[in-house]
Structures are given as structure tokens and as C-alpha cells.
Amino acid sequence: MIIGGGTAGWMTAAAISRLLAGKVSITLVESEQIGIVGVGEATLPHIRAFNQKLGIDEAEFMRTTQATFKLGIEFRNWGQIGESYIHPFGTFGDDVEGVGFHHYLNRAGRIHELQQFSVPVIASRQARFQRPADDPQSLLSTFGYAYQFDATRYAPYLRSRAEKSGVTRIEGRILEVSRDTESGHVTSLRLENDDVIHGDLFIDCSGFRSLLLGDAMAEPFEDWSAWLPCDRAVAMPCEHHGPLLPYTSATAMLSGWRWRIPLQHRTGNGYVYSSKFTDDERATQDLIAALEGKALAEPRILRFKAGRRRRSWVGNVVGIGLAGGFLEPLESTSIYLIQQAITALLELFPDGSLSEVERCEFNRIVNLEYDRVRDFLILHYHATQRNDSEFWNYVRTMPIPASLEEKITLFKQRGRVMQYREGAFLEPSWIAVYLGQGIVPQFYDQRADGPDAATLTNAIDGLRNELQATVNTMPDQRDYLTMIGGVA
Ligand SMILES: Cc1cc2nc3c(=O)[nH]c(=O)nc-3n(C[C@H](O)[C@H](O)[C@H](O)COP(=O)(O)OP(=O)(O)OC[C@H]3O[C@@H](n4cnc5c(N)ncnc54)[C@H](O)[C@@H]3O)c2cc1C
């Protein structure tokens, strides 16, 4: 049983109905009257694997959701006002014999040029796009990509696929949740029309309400707002003009930051802010002043709190999506976290009875993913030299988790990124943000001392020219979309 028909609910329904076809019977309950959160337009490259597993045709998906390609996220005014860098979905330069390219740049005293050594950064700046090449020798194989899409169209698209795969949808508002007095497991749900529906496993995708995991099971919420103080957003789409940019922008504001997500038919905009440092009216005015085209809707205020439920799987209830936790959209991670939870659930899907071992492993994976994303987000706020508002003074000087403190020190001193075996954001992502926000390593890996100075300079200059020449062969994103049949 799935509760909720937002992005989380229909992603879960579409994945389970296809990948466990014939093994389970799925019912999804949703209430049109309550509706969905309806934001969530920027994604990470992992979504491609999800769509592929579902057998989704990319061009059809792009037409249906008015999607554009995304090569990374541009951060403006984060380290200091006037600065800009891109966190690309791809590598920087070429590692030589296992030594990261940024160590060579650092040795050459040119680490500030890092952004010039990435295909997706250069292509983003020129609004160019093409799918990566398969040939590992080609510079065009050094990047990945994600999508920017209309959040109100993805869930219905998945719904039509899920219903074809046998998912039963029930329209109605859930008023009551019944639990077994001995096991504490959820047994049934009572709807507004008094219908009672029963199930074995309940997947709570009810959004911020967290109807089953939070309310019925009373699983505590770990509040991370001391580190991530933004708790509101005002969203407002506007008309789209100019080139179709293959990246999302995150521009730092006085009390938070503003997103700009270019879609085929409009630009998504929003200001994510902390209600401790500004108010709804002021934030709305600041967003309206920054719009790059005519507004297409009234401003819409959303409220949230950063954090997650202590456990996402409790008894026979699994929380996925906003019902399980929320991390602000600075690095477009919510849909990624949904996808990771679905993957873990599929891998551990109960075969008959429920066991503690599955729950523990699921909760370990989900918590690890959340904690890693949390540290990465905090880095963006904390690594700043801005002192022009109370908000920036707070985040610059706030205590940060020990796990992040350790990572920053390691990079500051040795230029080394702590490696993960699981979780999002690999070495290039951390390097992009560290350097983009002014954390420059004191020392480089001594193995980068191999080549003599002239050879190193020639190699660096040669690579930069080659990267630029390669990007010059890439088409404009709009032309590419037309060519593949992706235009709505
Ligand atoms: C400001 C903002 C910006 C965001 N931007 C991004 C982004 O760029 N990228 C990204 O990946 N994510 C982003 N997100 C997160 C993203 O929007 C969500 O992760 C995603 O939409 C999933 O939401 P959901 O399905 O969990 O909840 P919802 O969309 O809220 O769906 C909840 C469902 O539960 C149903 N429901 C609730 N109560 C009941 C009831 N009593 N009876 C019956 N049904 C009920 C509702 O009808 C609805 O169908 C953003 C979020 C916010 C707040």
C-alpha cells in the first residue's frame, strides 16, 4: 500500500510495479483535494538510471515534462558577492597515475583556474549540450547529465505507466490509521467516505504530513535547522527568454538563496530563506525584483524544516520522500534521496514476513545518504567570507558537525577529499565547492612533483585548449533537443 501520489508515491509505485511485477499487488491512495507539493524541478544524474530501469524513452520523457538537460549548478555570490562557479556533473582535468588534476594545478600555482578544465562547466557557460560519448578516450566522456523538468508533470507521467503495470489508484482522504495493539503494525486506513483499506506493508509518501511514519508511528524527527536554518521558500515561475541554459542557478541572497531553473516553456524561480532573518513579504519582494521575465503565477510560500525521521522504516511502515525527511533543494537532492530509498527497498523487499535485519539495513542506507548530503549542503553556507547580513554572519560562524569539520581540515591541509563507497557527491563535487568558495589546499600531493615545470605548464595549457576546442564542437542545447525529438 502506498500513501500519497506526489513524486515520491508515483516513483515508488512505478518502480515496484515494474521491477517486482507479478510478486506484489499495489494500491496507491491519494487525495486530489490535498494535492502535491508540486516543486522539485532540478535533479541529479542518478535519475537517468531510474528512468532507464523503468524503460522510459528519454525523448518522450523530455517532451512530456518540458524538460531540459542539466550539466551542473551555478553558485553565484556564495564565497563573496560577485563570484560565480559551477558544480559540474563531471571531472576536472585528467588524473595522472592516480594523482588528482587539482594537485598538479596547485603545484603550478594555478588552482584558481580549475573551472576552465571541465567540459560541463565550459559547455554550460555557452548553453551547449550533447549526450556524453561512450569512448573513454574522448573528452566528451568526462561528464554526466541530469534533467530540469516541470514537477507537476513527472508524477502524472509515472502514474500512467504505473497504472498500466497494474497499480490500483484510490482517490480519497485518509482520516484514520489503525494499528495492531500487540505488534504496533499498521493494519488499515479509513477514508473520508468510510471505506476501510487493508495492507501488509505501508509505504508512507504523504509528504510533509508524514501521516503514518510521523503521526501514527510517532517516529521522532531529527531537527537539523541549527545547521541549515532556511525553513521557507517562495516560488514563482516566469516567462523564459534567451538561450536554453543547461544548468540550474543558485544565487546567494541576504537571507538564503534563489533558484533559477530553465525549462522549455518557463523558468522556475524560488527564494529559499530563513524566517529568523527575513519575512515572507520581504522575501517575496526580493524574488519578484530578481525575476528575468513576466511572472506566470502568484507567489507561493512553502514551509519546511531541515532534518529526517530517526528511522525511515519502522514496523511495517516505510517513509519515502518528504514523509521521511527534507533537505533544502540547494543541490537538487530530494528526488535523488527518494530514488535511493526506492532502490534500497527493492533490494530488501520483504519476502513474506518482515524482519528486523531488513529494516536495520534500509535505515542504515537512508540515514547515511541523508547525513552525507547534509554535510555537503552545510559546507556551502559555512565556507563563505560574506559578512553583509545577519544570516551570513550566523552560518559563517556556526558550529558544524564533526564529520564535516574533519573533511574541511583534510582538504585545507592536504587537498584530499574523503572518499566514500556509498552516497552521493564524489571527489569532483567537493573540489568544485571547496575551491569555488575559497578553501584552497595548503599542500599538494607530492607525487605531483613528477614532471618538470615546463612540461607541466605545456600539459596544462594543452589540455585547456583541447577542452575548449572539444566544447566548440557541441551543439546549442535547443538545437540538440530538437534533433533528438525532445521538444514539447
Ligand atoms: C521549495 C522546494 C523546492 C524543491 N526543489 C527540489 C528540486 O529542485 N529537486 C528535488 O529533487 N527536489 C526538490 N524539492 C523536493 C521535492 O519537491 C519533493 O521531494 C518531491 O516533490 C516529493 O514530494 P512527496 O511526494 O514526498 O510529497 P507531496 O508532493 O507533498 O505528495 C504527498 C501526497 O500525499 C497525499 N496525502 C497527504 N495526506 C493525505 C491524506 N490524509 N489522505 C490521502 N492522501 C494524502 C497528497 O495528496 C499527495 O498526493 C523541493 C521541495 C521544496 C519544498
# chains A, B, ... in the order shown; residues from 1 in each chain; ligands from 1
$ residues_around --residues "A:Arg190" --least-positions-apart "3" --cutoff "7 Å" --atoms "only C-alpha atoms" --output "list in words"
Ile174, Leu175, Glu176, Val177, Asp194, Asp195, Val196 and Ile197 of chain A
$ residues_around --residues "stretch 40-44 of chain A" --least-positions-apart "5" --cutoff "10 Å" --atoms "only C-alpha atoms" --output "VMD selection string"
chain A and resid 7 65 67 to 73 89 144 to 154 247 to 248 259 to 263 268 329 to 336 424 to 425
$ atom_distance --atom1 "atom 48 (C, counted along the ligand's line) of ligand 1" --atom2 "atom CA of A:Gly270"
21.0 Å
$ residues_around --residues "A:Cys360" --least-positions-apart "5" --cutoff "9 Å" --atoms "only C-alpha atoms" --output "list in words"
Arg311, Trp313 and Ile365 of chain A
$ write_last_selection --atoms "N, CA, C and O atoms" --output "mmCIF file, in the first residue's frame"
data_model
loop_
_atom_site.group_PDB
_atom_site.id
_atom_site.type_symbol
_atom_site.label_atom_id
_atom_site.label_comp_id
_atom_site.auth_asym_id
_atom_site.auth_seq_id
_atom_site.Cartn_x
_atom_site.Cartn_y
_atom_site.Cartn_z
ATOM 1 N N ARG A 311 14.374 6.980 12.047
ATOM 2 C CA ARG A 311 14.377 5.793 11.180
ATOM 3 C C ARG A 311 13.299 5.986 10.120
ATOM 4 O O ARG A 311 12.246 6.561 10.412
ATOM 5 N N TRP A 313 12.177 3.263 8.241
ATOM 6 C CA TRP A 313 11.378 2.032 8.206
ATOM 7 C C TRP A 313 11.142 1.587 9.648
ATOM 8 O O TRP A 313 12.076 1.211 10.355
ATOM 9 N N ILE A 365 21.218 2.654 5.259
ATOM 10 C CA ILE A 365 21.475 3.240 3.930
ATOM 11 C C ILE A 365 20.850 4.634 3.840
ATOM 12 O O ILE A 365 21.491 5.604 3.448
#
$ closest_residue --among "A:Tyr444, A:Phe208, A:Trp224, A:Phe349" --to "ligand 1" --atoms "only C-alpha atoms and all ligand atoms"
A:Phe208
$ residues_around --residues "stretch 350-352 of chain A" --least-positions-apart "3" --cutoff "10 Å" --atoms "only C-alpha atoms" --output "NGL selection string"
:A and (23 or 200-201 or 316 or 345-347 or 355 or 358-359)
$ select_by_dssp --residues "stretch 149-265 of chain A" --states "strand (DSSP E)" --output "mmCIF file with N, CA and C atoms, in the first residue's frame"
data_model
loop_
_atom_site.group_PDB
_atom_site.id
_atom_site.type_symbol
_atom_site.label_atom_id
_atom_site.label_comp_id
_atom_site.auth_asym_id
_atom_site.auth_seq_id
_atom_site.Cartn_x
_atom_site.Cartn_y
_atom_site.Cartn_z
ATOM 1 N N THR A 168 -3.361 -0.098 -8.556
ATOM 2 C CA THR A 168 -4.723 0.401 -8.361
ATOM 3 C C THR A 168 -4.662 1.722 -7.612
ATOM 4 N N ARG A 169 -5.318 2.734 -8.162
ATOM 5 C CA ARG A 169 -5.307 4.040 -7.506
ATOM 6 C C ARG A 169 -6.649 4.273 -6.822
ATOM 7 N N ILE A 170 -6.594 4.739 -5.569
ATOM 8 C CA ILE A 170 -7.830 5.093 -4.863
ATOM 9 C C ILE A 170 -7.785 6.575 -4.540
ATOM 10 N N GLU A 171 -8.828 7.262 -4.938
ATOM 11 C CA GLU A 171 -8.919 8.692 -4.640
ATOM 12 C C GLU A 171 -9.631 8.847 -3.295
ATOM 13 N N ILE A 174 -7.407 10.178 3.688
ATOM 14 C CA ILE A 174 -7.305 9.235 4.811
ATOM 15 C C ILE A 174 -7.590 9.995 6.102
ATOM 16 N N LEU A 175 -8.533 9.453 6.897
ATOM 17 C CA LEU A 175 -8.885 10.139 8.144
ATOM 18 C C LEU A 175 -8.336 9.417 9.365
ATOM 19 N N GLU A 176 -8.145 8.108 9.242
ATOM 20 C CA GLU A 176 -7.763 7.359 10.436
ATOM 21 C C GLU A 176 -6.836 6.203 10.073
ATOM 22 N N VAL A 177 -5.871 5.980 10.927
ATOM 23 C CA VAL A 177 -4.917 4.883 10.719
ATOM 24 C C VAL A 177 -5.080 3.915 11.884
ATOM 25 N N SER A 178 -5.338 2.620 11.613
ATOM 26 C CA SER A 178 -5.492 1.635 12.709
ATOM 27 C C SER A 178 -4.232 0.796 12.837
ATOM 28 N N ARG A 179 -3.903 0.504 14.112
ATOM 29 C CA ARG A 179 -2.704 -0.301 14.368
ATOM 30 C C ARG A 179 -3.050 -1.509 15.215
ATOM 31 N N VAL A 186 0.733 -1.129 11.409
ATOM 32 C CA VAL A 186 -0.475 -0.539 10.814
ATOM 33 C C VAL A 186 -1.263 -1.663 10.143
ATOM 34 N N THR A 187 -2.570 -1.661 10.350
ATOM 35 C CA THR A 187 -3.389 -2.729 9.758
ATOM 36 C C THR A 187 -4.304 -2.197 8.648
ATOM 37 N N SER A 188 -4.840 -0.980 8.855
ATOM 38 C CA SER A 188 -5.781 -0.473 7.849
ATOM 39 C C SER A 188 -5.887 1.058 7.918
ATOM 40 N N LEU A 189 -6.489 1.597 6.857
ATOM 41 C CA LEU A 189 -6.703 3.046 6.761
ATOM 42 C C LEU A 189 -8.187 3.283 6.523
ATOM 43 N N ARG A 190 -8.740 4.274 7.197
ATOM 44 C CA ARG A 190 -10.153 4.615 6.946
ATOM 45 C C ARG A 190 -10.197 5.918 6.171
ATOM 46 N N LEU A 191 -10.958 5.896 5.074
ATOM 47 C CA LEU A 191 -11.063 7.084 4.223
ATOM 48 C C LEU A 191 -12.262 7.941 4.631
ATOM 49 N N VAL A 196 -12.694 1.236 4.263
ATOM 50 C CA VAL A 196 -11.511 0.834 5.034
ATOM 51 C C VAL A 196 -10.638 -0.017 4.120
ATOM 52 N N ILE A 197 -9.355 0.342 4.031
ATOM 53 C CA ILE A 197 -8.488 -0.453 3.159
ATOM 54 C C ILE A 197 -7.363 -1.078 3.988
ATOM 55 N N HIS A 198 -7.081 -2.348 3.679
ATOM 56 C CA HIS A 198 -6.098 -3.112 4.439
ATOM 57 C C HIS A 198 -4.831 -3.310 3.612
ATOM 58 N N PHE A 202 3.091 -0.735 4.396
ATOM 59 C CA PHE A 202 2.555 0.602 4.104
ATOM 60 C C PHE A 202 3.716 1.539 3.789
ATOM 61 N N ILE A 203 3.719 2.078 2.584
ATOM 62 C CA ILE A 203 4.799 2.994 2.200
ATOM 63 C C ILE A 203 4.240 4.412 2.283
ATOM 64 N N ASP A 204 4.775 5.150 3.236
ATOM 65 C CA ASP A 204 4.247 6.487 3.522
ATOM 66 C C ASP A 204 4.918 7.525 2.618
ATOM 67 N N PHE A 221 11.610 13.156 14.860
ATOM 68 C CA PHE A 221 12.239 13.908 13.761
ATOM 69 C C PHE A 221 13.541 14.516 14.281
ATOM 70 N N GLU A 222 14.631 14.261 13.591
ATOM 71 C CA GLU A 222 15.896 14.894 13.985
ATOM 72 C C GLU A 222 15.983 16.242 13.288
ATOM 73 N N ASP A 223 16.000 17.275 14.069
ATOM 74 C CA ASP A 223 15.925 18.639 13.546
ATOM 75 C C ASP A 223 17.342 19.166 13.263
ATOM 76 N N ARG A 232 11.825 28.250 4.786
ATOM 77 C CA ARG A 232 10.708 28.646 3.910
ATOM 78 C C ARG A 232 11.210 28.869 2.496
ATOM 79 N N ALA A 233 10.284 28.833 1.578
ATOM 80 C CA ALA A 233 10.627 29.207 0.209
ATOM 81 C C ALA A 233 9.420 29.904 -0.384
ATOM 82 N N VAL A 234 9.705 30.860 -1.264
ATOM 83 C CA VAL A 234 8.621 31.428 -2.064
ATOM 84 C C VAL A 234 8.954 31.083 -3.513
ATOM 85 N N ALA A 235 7.980 30.468 -4.195
ATOM 86 C CA ALA A 235 8.214 30.003 -5.561
ATOM 87 C C ALA A 235 7.337 30.790 -6.523
ATOM 88 N N THR A 248 21.249 24.732 -13.575
ATOM 89 C CA THR A 248 20.431 25.402 -12.565
ATOM 90 C C THR A 248 21.301 26.459 -11.901
ATOM 91 N N SER A 249 20.713 27.601 -11.539
ATOM 92 C CA SER A 249 21.492 28.607 -10.804
ATOM 93 C C SER A 249 21.009 28.699 -9.374
ATOM 94 N N ALA A 250 21.953 28.879 -8.465
ATOM 95 C CA ALA A 250 21.641 29.114 -7.047
ATOM 96 C C ALA A 250 22.379 30.389 -6.656
ATOM 97 N N THR A 251 21.632 31.482 -6.557
ATOM 98 C CA THR A 251 22.252 32.776 -6.259
ATOM 99 C C THR A 251 22.037 33.122 -4.796
ATOM 100 N N ALA A 252 23.135 33.359 -4.080
ATOM 101 C CA ALA A 252 23.009 33.684 -2.656
ATOM 102 C C ALA A 252 22.344 35.048 -2.501
ATOM 103 N N MET A 253 21.404 35.109 -1.561
ATOM 104 C CA MET A 253 20.671 36.346 -1.263
ATOM 105 C C MET A 253 21.037 36.778 0.163
ATOM 106 N N GLY A 256 19.378 33.817 2.472
ATOM 107 C CA GLY A 256 19.213 32.489 1.888
ATOM 108 C C GLY A 256 19.740 32.491 0.463
ATOM 109 N N TRP A 257 18.985 31.871 -0.444
ATOM 110 C CA TRP A 257 19.444 31.822 -1.836
ATOM 111 C C TRP A 257 18.247 31.644 -2.771
ATOM 112 N N ARG A 258 18.501 31.921 -4.032
ATOM 113 C CA ARG A 258 17.416 31.914 -5.018
ATOM 114 C C ARG A 258 17.743 30.926 -6.131
ATOM 115 N N TRP A 259 16.746 30.087 -6.483
ATOM 116 C CA TRP A 259 16.995 29.175 -7.609
ATOM 117 C C TRP A 259 16.419 29.728 -8.893
ATOM 118 N N ARG A 260 17.053 29.349 -9.988
ATOM 119 C CA ARG A 260 16.516 29.633 -11.327
ATOM 120 C C ARG A 260 16.707 28.363 -12.147
ATOM 121 N N ILE A 261 15.594 27.798 -12.596
ATOM 122 C CA ILE A 261 15.657 26.519 -13.313
ATOM 123 C C ILE A 261 15.012 26.699 -14.688
ATOM 124 N N PRO A 262 15.821 26.693 -15.739
ATOM 125 C CA PRO A 262 15.258 26.915 -17.071
ATOM 126 C C PRO A 262 14.618 25.657 -17.650
#
$ closest_atom_pairs --of "stretch 249-336 of chain A" --to "stretch 368-376 of chain A" --cutoff "9 Å" --atoms "only C-alpha atoms" --output "CSV"
residue,atom,partner,partner_atom,distance
A:Ala306,CA,A:Arg374,CA,9.0
A:Gly307,CA,A:Tyr370,CA,8.5
A:Arg308,CA,A:Tyr370,CA,7.7
A:Gly325,CA,A:Tyr370,CA,8.4
A:Phe326,CA,A:Tyr370,CA,8.8
A:Leu327,CA,A:Arg374,CA,7.1
A:Glu331,CA,A:Val373,CA,8.5
A:Thr333,CA,A:Val373,CA,7.5
$ write_last_selection --atoms "N, CA and C atoms" --output "JSON list (two decimals), in the first residue's frame"
[["chain", "number", "residue", "atom", "x", "y", "z"],
["A", 306, "ALA", "N", 14.56, 21.45, 8.05],
["A", 306, "ALA", "CA", 15.60, 20.51, 7.63],
["A", 306, "ALA", "C", 15.76, 19.40, 8.66],
["A", 307, "GLY", "N", 15.87, 18.18, 8.18],
["A", 307, "GLY", "CA", 16.09, 17.06, 9.08],
["A", 307, "GLY", "C", 15.47, 15.80, 8.53],
["A", 308, "ARG", "N", 15.53, 14.75, 9.31],
["A", 308, "ARG", "CA", 14.91, 13.49, 8.87],
["A", 308, "ARG", "C", 14.37, 12.73, 10.09],
["A", 325, "GLY", "N", 11.90, 12.84, 5.40],
["A", 325, "GLY", "CA", 12.82, 13.92, 5.76],
["A", 325, "GLY", "C", 12.90, 14.95, 4.67],
["A", 326, "PHE", "N", 13.60, 16.04, 4.97],
["A", 326, "PHE", "CA", 13.74, 17.10, 3.96],
["A", 326, "PHE", "C", 15.09, 17.80, 4.09],
["A", 327, "LEU", "N", 15.74, 17.92, 2.96],
["A", 327, "LEU", "CA", 16.94, 18.75, 2.88],
["A", 327, "LEU", "C", 16.71, 19.73, 1.76],
["A", 331, "GLU", "N", 21.25, 21.46, -3.68],
["A", 331, "GLU", "CA", 21.98, 20.57, -4.59],
["A", 331, "GLU", "C", 21.03, 19.56, -5.24],
["A", 333, "THR", "N", 18.72, 17.43, -4.26],
["A", 333, "THR", "CA", 18.93, 16.08, -3.76],
["A", 333, "THR", "C", 17.67, 15.31, -3.35]]
$ residues_around --residues "A:Ile378" --least-positions-apart "6" --cutoff "8 Å" --atoms "only C-alpha atoms" --output "list of chain:residue names"
A:Trp227, A:Leu228, A:Ile400
$ write_last_selection --atoms "C-alpha atoms" --output "compact mmCIF listing (two decimals), in the first residue's frame"
# COMPACT_ATOMS: atom_id res chain seq x y z
CA TRP A 227 22.98 23.93 10.64
CA LEU A 228 20.51 24.52 7.83
CA ILE A 400 29.32 22.47 12.21
$ select_by_dssp --residues "stretch 318-376 of chain A" --states "alpha helix (DSSP H)" --output "PyMOL selection string"
chain A and resi 334-347+356-376
$ residues_around --residues "stretch 295-304 of chain A" --least-positions-apart "4" --cutoff "12 Å" --atoms "only C-alpha atoms" --output "PyMOL selection string"
chain A and resi 36-39+207-209+223-225+228-240+265-275+279-281+283-291+308+322-323+325-329
$ residues_around --residues "stretch 385-388 of chain A" --least-positions-apart "3" --cutoff "10 Å" --atoms "only C-alpha atoms" --output "PyMOL selection string"
chain A and resi 77-81+254+381-382+391-396+437-438
$ closest_residue --among "A:Arg131, A:Arg161, A:Arg125, A:Arg364" --to "A:Trp10" --atoms "only C-alpha atoms"
A:Arg161
$ closest_residue --among "A:Ile342, A:Ala216, A:Asp135, A:Ser210" --to "A:Ser17" --atoms "only C-alpha atoms"
A:Ile342
$ atom_distance --atom1 "atom 41 (N, counted along the ligand's line) of ligand 1" --atom2 "atom CA of A:Ala14"
21.2 Å
$ closest_residue --among "A:Ile86, A:Cys205, A:Leu354, A:Ala402" --to "A:Val318" --atoms "only C-alpha atoms"
A:Cys205
